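**Q** Here you go, protein35.cif (mmCIF, C-alpha atoms):
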```
data_work
loop_
_atom_site.label_atom_id
_atom_site.label_comp_id
_atom_site.auth_asym_id
_atom_site.auth_seq_id
_atom_site.Cartn_x
_atom_site.Cartn_y
_atom_site.Cartn_z
CA MET A 176 27.79 -87.67 -246.57
CA THR A 177 29.72 -90.80 -245.61
CA GLU A 178 33.07 -89.54 -246.94
CA PRO A 179 34.32 -88.09 -243.60
CA LEU A 180 33.86 -91.50 -241.94
CA VAL A 181 35.77 -93.24 -244.74
CA GLN A 182 38.59 -90.70 -244.46
CA ALA A 183 38.81 -90.99 -240.68
CA LEU A 184 39.03 -94.78 -240.88
CA VAL A 185 41.65 -94.70 -243.63
CA ASP A 186 43.71 -92.16 -241.68
CA MET A 187 43.52 -94.34 -238.52
CA LYS A 188 41.78 -91.58 -236.53
CA GLU A 189 39.88 -93.75 -234.09
CA ALA A 190 38.16 -91.09 -232.00
CA GLU A 191 37.10 -89.14 -235.09
CA ALA A 192 35.78 -92.28 -236.82
CA LEU A 193 33.66 -93.24 -233.83
CA GLU A 194 32.38 -89.68 -233.51
CA LYS A 195 31.43 -89.60 -237.22
CA ALA A 196 29.64 -92.96 -236.97
CA THR A 197 27.72 -91.80 -233.89
CA GLN A 198 26.79 -88.56 -235.65
CA MET A 199 25.58 -90.41 -238.75
CA LEU A 200 23.35 -92.65 -236.65
CA ALA A 201 21.95 -89.61 -234.86
CA GLU A 202 21.16 -88.03 -238.24
CA GLY A 203 19.17 -91.08 -239.25
CA ILE A 204 21.56 -92.53 -241.79
CA ALA A 205 20.82 -96.22 -242.34
CA PRO A 206 23.10 -98.51 -240.32
CA LEU A 207 23.90 -100.61 -243.39
CA LYS A 208 24.99 -97.45 -245.20
CA ILE A 209 27.52 -96.85 -242.42
CA LEU A 210 28.76 -100.42 -242.78
CA GLU A 211 29.18 -99.86 -246.51
CA SER A 212 31.39 -96.86 -245.71
CA CYS A 213 33.43 -99.04 -243.37
CA SER A 214 33.82 -101.62 -246.09
CA ALA A 215 34.96 -98.97 -248.60
CA ALA A 216 37.50 -97.66 -246.10
CA MET A 217 38.84 -101.14 -245.35
CA GLU A 218 39.34 -101.78 -249.04
CA ILE A 219 41.60 -98.72 -249.21
CA VAL A 220 43.43 -99.84 -246.07
CA GLY A 221 43.95 -103.24 -247.67
CA GLN A 222 45.34 -101.69 -250.84
CA ARG A 223 47.80 -99.64 -248.80
CA PHE A 224 48.83 -102.77 -246.90
CA GLU A 225 49.47 -104.64 -250.13
CA LYS A 226 51.59 -101.76 -251.46
CA GLY A 227 53.67 -101.67 -248.28
CA VAL A 228 52.34 -98.28 -247.18
CA TYR A 229 50.47 -99.77 -244.23
CA PHE A 230 51.58 -102.69 -242.08
CA LEU A 231 50.03 -105.28 -239.80
CA PRO A 232 49.41 -102.84 -236.89
CA HIS A 233 47.34 -100.70 -239.27
CA LEU A 234 45.19 -103.70 -240.20
CA VAL A 235 44.73 -104.56 -236.53
CA MET A 236 43.75 -101.00 -235.65
CA ALA A 237 41.34 -100.79 -238.58
CA GLY A 238 39.75 -104.02 -237.41
CA GLU A 239 39.35 -102.68 -233.89
CA MET A 240 37.68 -99.51 -235.16
CA LEU A 241 35.30 -101.60 -237.24
CA LYS A 242 34.40 -103.80 -234.26
CA GLN A 243 33.50 -100.75 -232.20
CA ILE A 244 31.33 -99.30 -234.96
CA ALA A 245 29.67 -102.68 -235.55
CA ALA A 246 28.88 -102.92 -231.83
CA MET A 247 27.09 -99.57 -232.07
CA ILE A 248 25.14 -100.63 -235.14
CA LYS A 249 24.18 -104.20 -234.27
CA PRO A 250 21.24 -103.34 -231.95
CA LEU A 251 19.81 -101.12 -234.69
CA VAL A 252 19.72 -103.72 -237.44
CA HIS A 253 16.11 -104.81 -237.40
CA GLU A 254 16.00 -107.77 -239.69
CA GLU A 255 13.17 -110.22 -239.30
CA LYS A 256 14.54 -113.46 -237.97
CA ALA A 257 12.78 -116.73 -238.55
CA GLU A 258 12.23 -118.87 -235.48
CA ALA A 259 14.53 -121.46 -236.99
CA LYS A 260 17.87 -120.61 -238.51
CA LYS A 261 17.68 -119.95 -242.23
CA GLY A 262 20.65 -122.11 -243.17
CA LYS A 263 24.32 -122.73 -242.47
CA VAL A 264 27.21 -120.72 -243.87
CA LEU A 265 30.89 -121.51 -243.31
CA ILE A 266 33.22 -118.56 -243.72
CA GLY A 267 36.97 -118.03 -243.51
CA THR A 268 39.96 -116.16 -244.92
CA VAL A 269 42.14 -118.35 -247.12
CA GLU A 270 45.74 -119.39 -246.54
CA GLY A 271 48.34 -116.63 -246.77
CA ASP A 272 45.89 -113.83 -245.99
CA ILE A 273 45.34 -112.39 -242.52
CA HIS A 274 42.63 -109.93 -243.54
CA ASP A 275 39.36 -110.40 -241.67
CA ILE A 276 37.62 -107.05 -241.79
CA GLY A 277 35.44 -107.71 -244.83
CA LYS A 278 34.77 -111.22 -243.58
CA ASN A 279 33.58 -109.85 -240.25
CA ILE A 280 31.13 -107.50 -241.98
CA VAL A 281 29.68 -110.43 -243.94
CA LEU A 282 29.50 -112.50 -240.75
CA PHE A 283 27.66 -109.69 -238.95
CA LEU A 284 25.11 -109.28 -241.76
CA LEU A 285 24.53 -113.02 -242.16
CA GLU A 286 23.83 -113.42 -238.44
CA ALA A 287 21.55 -110.37 -238.54
CA ASN A 288 19.60 -112.14 -241.29
CA GLY A 289 19.14 -115.29 -239.24
CA PHE A 290 21.80 -117.57 -240.72
CA GLU A 291 23.84 -119.93 -238.58
CA VAL A 292 27.44 -118.98 -239.32
CA ARG A 293 30.72 -120.64 -238.45
CA ASP A 294 33.83 -118.50 -238.83
CA ILE A 295 37.04 -120.54 -239.04
CA GLY A 296 39.23 -117.43 -238.97
CA ILE A 297 42.14 -116.18 -241.04
CA ASN A 298 45.03 -117.82 -242.91
CA GLN A 299 43.21 -121.15 -243.17
CA LYS A 300 44.68 -124.02 -245.18
CA PRO A 301 42.45 -125.88 -247.68
CA ALA A 302 42.34 -128.89 -245.34
CA LYS A 303 40.82 -126.70 -242.60
CA PHE A 304 37.95 -125.75 -244.91
CA VAL A 305 37.45 -129.42 -245.82
CA ASP A 306 37.40 -130.51 -242.17
CA ALA A 307 34.99 -127.71 -241.24
CA ILE A 308 32.62 -128.61 -244.10
CA ARG A 309 32.54 -132.24 -242.94
CA GLU A 310 31.83 -131.21 -239.35
CA PHE A 311 29.49 -128.24 -239.81
CA GLN A 312 27.75 -129.38 -243.04
CA PRO A 313 26.96 -125.91 -244.42
CA GLU A 314 25.00 -125.17 -247.57
CA VAL A 315 27.32 -122.29 -248.47
CA VAL A 316 31.06 -121.77 -248.07
CA GLY A 317 32.40 -118.21 -248.16
CA MET A 318 36.10 -117.59 -248.81
CA SER A 319 37.58 -114.18 -248.14
CA GLY A 320 40.83 -112.68 -249.36
CA LEU A 321 42.14 -109.16 -249.66
CA LEU A 322 45.55 -109.81 -251.23
CA THR A 323 46.26 -111.03 -254.74
CA LEU A 324 48.11 -114.04 -253.33
CA ALA A 325 44.72 -115.24 -252.10
CA PHE A 326 43.71 -116.17 -255.66
CA ASP A 327 45.83 -119.33 -255.74
CA SER A 328 44.75 -120.22 -252.21
CA MET A 329 41.10 -119.95 -253.23
CA LYS A 330 41.74 -122.20 -256.23
CA LYS A 331 43.58 -124.77 -254.09
CA THR A 332 40.81 -124.72 -251.50
CA VAL A 333 38.10 -125.35 -254.11
CA GLU A 334 40.23 -128.18 -255.54
CA ALA A 335 40.65 -129.69 -252.06
CA ILE A 336 36.87 -129.57 -251.50
CA GLN A 337 36.43 -131.29 -254.85
CA ALA A 338 39.03 -133.95 -254.05
CA ALA A 339 37.31 -134.66 -250.73
CA GLY A 340 34.07 -135.42 -252.57
CA LEU A 341 32.27 -132.47 -250.99
CA ARG A 342 32.01 -130.09 -253.94
CA ASP A 343 28.48 -131.09 -254.91
CA SER A 344 27.18 -130.54 -251.38
CA VAL A 345 28.10 -126.83 -251.11
CA ARG A 346 27.90 -123.60 -253.09
CA ILE A 347 31.07 -121.54 -252.89
CA VAL A 348 31.23 -117.75 -252.92
CA ILE A 349 34.44 -115.73 -252.81
CA GLY A 350 34.90 -112.10 -251.85
CA GLY A 351 37.42 -109.41 -251.06
CA GLY A 352 38.55 -106.07 -252.43
CA VAL A 353 40.55 -107.53 -255.33
CA VAL A 354 38.18 -110.37 -256.28
CA THR A 355 36.49 -110.22 -259.68
CA GLU A 356 34.44 -112.41 -262.01
CA LYS A 357 37.71 -113.59 -263.59
CA ILE A 358 38.99 -114.76 -260.22
CA LYS A 359 35.71 -116.59 -259.67
CA ASP A 360 36.30 -118.47 -262.92
CA TYR A 361 39.98 -119.07 -262.08
CA SER A 362 39.24 -120.43 -258.61
CA GLY A 363 36.31 -122.62 -259.58
CA ALA A 364 33.92 -120.92 -257.15
CA ASP A 365 30.21 -120.62 -257.95
CA ALA A 366 30.07 -116.85 -257.56
CA TYR A 367 31.85 -113.79 -256.24
CA ALA A 368 30.31 -111.11 -254.07
CA PRO A 369 31.42 -107.54 -254.86
CA ASP A 370 30.25 -106.41 -251.41
CA ALA A 371 28.90 -107.80 -248.15
CA MET A 372 25.21 -107.34 -248.97
CA ALA A 373 25.72 -109.15 -252.28
CA GLY A 374 27.08 -112.08 -250.30
CA VAL A 375 24.01 -112.12 -248.07
CA ARG A 376 21.71 -111.96 -251.10
CA LEU A 377 23.52 -114.94 -252.65
CA CYS A 378 23.08 -116.98 -249.48
CA LYS A 379 19.38 -116.16 -249.42
CA LYS A 380 19.03 -117.12 -253.09
CA TRP A 381 20.95 -120.36 -252.79
CA ILE A 382 19.56 -121.59 -249.47
CA GLN A 383 16.04 -120.20 -249.49
CA GLY A 384 15.40 -119.80 -253.19
CA GLU A 385 14.60 -116.10 -252.70
#
```
Could you write out this structure as structure tokens?
**A**
Amino acid sequence: MTEPLVQALVDMKEAEALEKATQMLAEGIAPLKILESCSAAMEIVGQRFEKGVYFLPHLVMAGEMLKQIAAMIKPLVHEEKAEAKKGKVLIGTVEGDIHDIGKNIVLFLLEANGFEVRDIGINQKPAKFVDAIREFQPEVVGMSGLLTLAFDSMKKTVEAIQAAGLRDSVRIVIGGGVVTEKIKDYSGADAYAPDAMAGVRLCKKWIQGE
């Protein structure tokens, strides 16, 4: 049922993608299901970018389509929010990677679930993560990367957090289309999230003990 939306996004057919998303909402398909389709499509787009089939303009366009769909969905996500924020999460894409689509989905879902989130953006050096942890004092740090070159950047960032004496104060989760359990072990992170909702569940478990 969600396949036409995935295909439209992958093929960069903006009008068709927005029409499909609108149609799916009208048919009562869960908003998070639509986001999952977006995430699946962006993973394919990322793979094509890495292979040299797609280029930066394709990533930018895919991101714009996602933003428009997310804007449609956001008012429909009825998550109970506590009066106080549930916890702090710092999130960013590691050095050498300009991919932010998956990160933006995680950001959207975390905010919908009542977390206070700081997004430091894309292509961030390890020192930027360290500085942001000192300033923001999050319980969880999320590192995103779509390209295989992100693996070393994730490892270096975890090492920098360790060297700064901050490793014991945060839990670190990594995510992205190519990230696996092996990369979690390689980087020194606490966990990896295979999808956006898994990342949200980890934050709830770590911060709230759910």
**Q** Evaluate the PyMOL selection byres ((chain A and resi 211) around 12) on the structure here and hand back the selected residues as a tab-separated table (two decimals) with C-alpha atoms, in the coordinates of the input.
**A**
```
chain	number	residue	atom	x	y	z
A	177	THR	CA	29.72	-90.80	-245.61
A	178	GLU	CA	33.07	-89.54	-246.94
A	180	LEU	CA	33.86	-91.50	-241.94
A	181	VAL	CA	35.77	-93.24	-244.74
A	196	ALA	CA	29.64	-92.96	-236.97
A	204	ILE	CA	21.56	-92.53	-241.79
A	205	ALA	CA	20.82	-96.22	-242.34
A	206	PRO	CA	23.10	-98.51	-240.32
A	207	LEU	CA	23.90	-100.61	-243.39
A	208	LYS	CA	24.99	-97.45	-245.20
A	209	ILE	CA	27.52	-96.85	-242.42
A	210	LEU	CA	28.76	-100.42	-242.78
A	212	SER	CA	31.39	-96.86	-245.71
A	213	CYS	CA	33.43	-99.04	-243.37
A	214	SER	CA	33.82	-101.62	-246.09
A	215	ALA	CA	34.96	-98.97	-248.60
A	216	ALA	CA	37.50	-97.66	-246.10
A	217	MET	CA	38.84	-101.14	-245.35
A	218	GLU	CA	39.34	-101.78	-249.04
A	241	LEU	CA	35.30	-101.60	-237.24
A	244	ILE	CA	31.33	-99.30	-234.96
A	245	ALA	CA	29.67	-102.68	-235.55
A	277	GLY	CA	35.44	-107.71	-244.83
A	280	ILE	CA	31.13	-107.50	-241.98
A	281	VAL	CA	29.68	-110.43	-243.94
A	284	LEU	CA	25.11	-109.28	-241.76
A	369	PRO	CA	31.42	-107.54	-254.86
A	370	ASP	CA	30.25	-106.41	-251.41
A	371	ALA	CA	28.90	-107.80	-248.15
A	372	MET	CA	25.21	-107.34	-248.97
A	373	ALA	CA	25.72	-109.15	-252.28
```
**Q** Take CA of Lys195 in chain A and CA of Ala237 in chain A and report the distance between them in Å, one decimal.
**A** 15.0 Å
**Q** Taking the file as I've supplied it (selection: the PyMOL selection byres ((chain A and resi 265) around 10)), which residues are included? Please answer as a ChimeraX atom specification.
**A** /A:263-264,266-267,282,291-295,304,307-308,311-318,345,347
**Q** Pull the neighbourhood of (34.0, -122.6, -261.1) for me: all residues within 12 Å in file coordinates, counting all atoms listed in the file, as a list in words.
**A**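 I get Met329, Lys330, Thr332, Val333, Glu334, Gln337, Arg342, Asp343, Arg346, Ile347, Val348, Ile349, Glu356, Lys357, Ile358, Lys359, Asp360, Tyr361, Ser362, Gly363, Ala364, Asp365, Ala366 and Tyr367 of chain A for the residues within 12 Å of that point.
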**Q** Tell me, in Å to one decimal, how far CA of Val375 in chain A is from CA of Gly340 in chain A.
**A**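 Going from CA of Val375 in chain A over to CA of Gly340 in chain A covers 25.8 Å.
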**Q** Between CA of Glu191 in chain A and CA of Met240 in chain A, what is the distance, to one decimal in Å?
**A**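 CA of Met240 in chain A lies at a distance of 10.4 Å from CA of Glu191 in chain A.
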**Q** Residues near Gly271 in chain A, anyone? I mean within 9 Å using only C-alpha atoms, not counting same-chain ones fewer than 5 positions away, as a ChimeraX atom specification.
**A** /A:297-300,320,322,324-325,328
**Q** Once the PyMOL selection byres ((chain A and resi 323) around 12) has been evaluated on this model, what residues remain selected, and can you format them as JSON, numbers by chain?
**A** {"A": [221, 222, 224, 225, 226, 269, 270, 271, 272, 274, 319, 320, 321, 322, 324, 325, 326, 327, 328, 329, 350, 351, 352, 353, 354, 355, 358]}
**Q** Save out the residues we just selected, C-alpha atoms, as a compact mmCIF listing (two decimals), in the frame of the given file.
**A**
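The result, written out as result-v5.txt:
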```
# COMPACT_ATOMS: atom_id res chain seq x y z
CA GLY A 221 43.95 -103.24 -247.67
CA GLN A 222 45.34 -101.69 -250.84
CA PHE A 224 48.83 -102.77 -246.90
CA GLU A 225 49.47 -104.64 -250.13
CA LYS A 226 51.59 -101.76 -251.46
CA VAL A 269 42.14 -118.35 -247.12
CA GLU A 270 45.74 -119.39 -246.54
CA GLY A 271 48.34 -116.63 -246.77
CA ASP A 272 45.89 -113.83 -245.99
CA HIS A 274 42.63 -109.93 -243.54
CA SER A 319 37.58 -114.18 -248.14
CA GLY A 320 40.83 -112.68 -249.36
CA LEU A 321 42.14 -109.16 -249.66
CA LEU A 322 45.55 -109.81 -251.23
CA LEU A 324 48.11 -114.04 -253.33
CA ALA A 325 44.72 -115.24 -252.10
CA PHE A 326 43.71 -116.17 -255.66
CA ASP A 327 45.83 -119.33 -255.74
CA SER A 328 44.75 -120.22 -252.21
CA MET A 329 41.10 -119.95 -253.23
CA GLY A 350 34.90 -112.10 -251.85
CA GLY A 351 37.42 -109.41 -251.06
CA GLY A 352 38.55 -106.07 -252.43
CA VAL A 353 40.55 -107.53 -255.33
CA VAL A 354 38.18 -110.37 -256.28
CA THR A 355 36.49 -110.22 -259.68
CA ILE A 358 38.99 -114.76 -260.22
```
**Q** Closest to Lys188 in chain A among A:Gly227, A:Leu251, A:Leu200, A:His233, using only C-alpha atoms?
**A** A:His233
**Q** Pick the closest to Ile219 in chain A from A:Leu285, A:Ala183, A:Met247, A:Val305: which is it, counting all atoms listed in the file?
**A**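 Ranked by minimum distance to Ile219 in chain A, first place goes to A:Ala183.
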**Q** Identify which of the residues A:Gly238, A:Cys378, A:Ile336, A:Asp275 lies closest to Gly289 in chain A, counting only C-alpha atoms when measuring atom-to-atom distances.
**A**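 Using only C-alpha atoms, Gly289 in chain A sits closest to A:Cys378.
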**Q** Please enclose the listed atoms of range 323-329 of chain A in an axis-aligned box, pad each side by 5 Å, and write out the centre and the three edge lengths in Å, rounded to one decimal, as lines of an AutoDock Vina configuration file.
**A**
```
center_x = 44.6
center_y = -115.6
center_z = -253.9
size_x = 17.0
size_y = 19.2
size_z = 13.6
```
**Q** Which is closer to Lys379 in chain A than all the others in A:Asn288, A:Ala192, A:Phe283, A:Leu184, using all atoms listed in the file?
**A** A:Asn288
**Q** Pick from A:Ile273, A:Val185, A:Val228, A:Ile248: nearest to Met199 in chain A, with only C-alpha atoms counted?
**A** A:Ile248
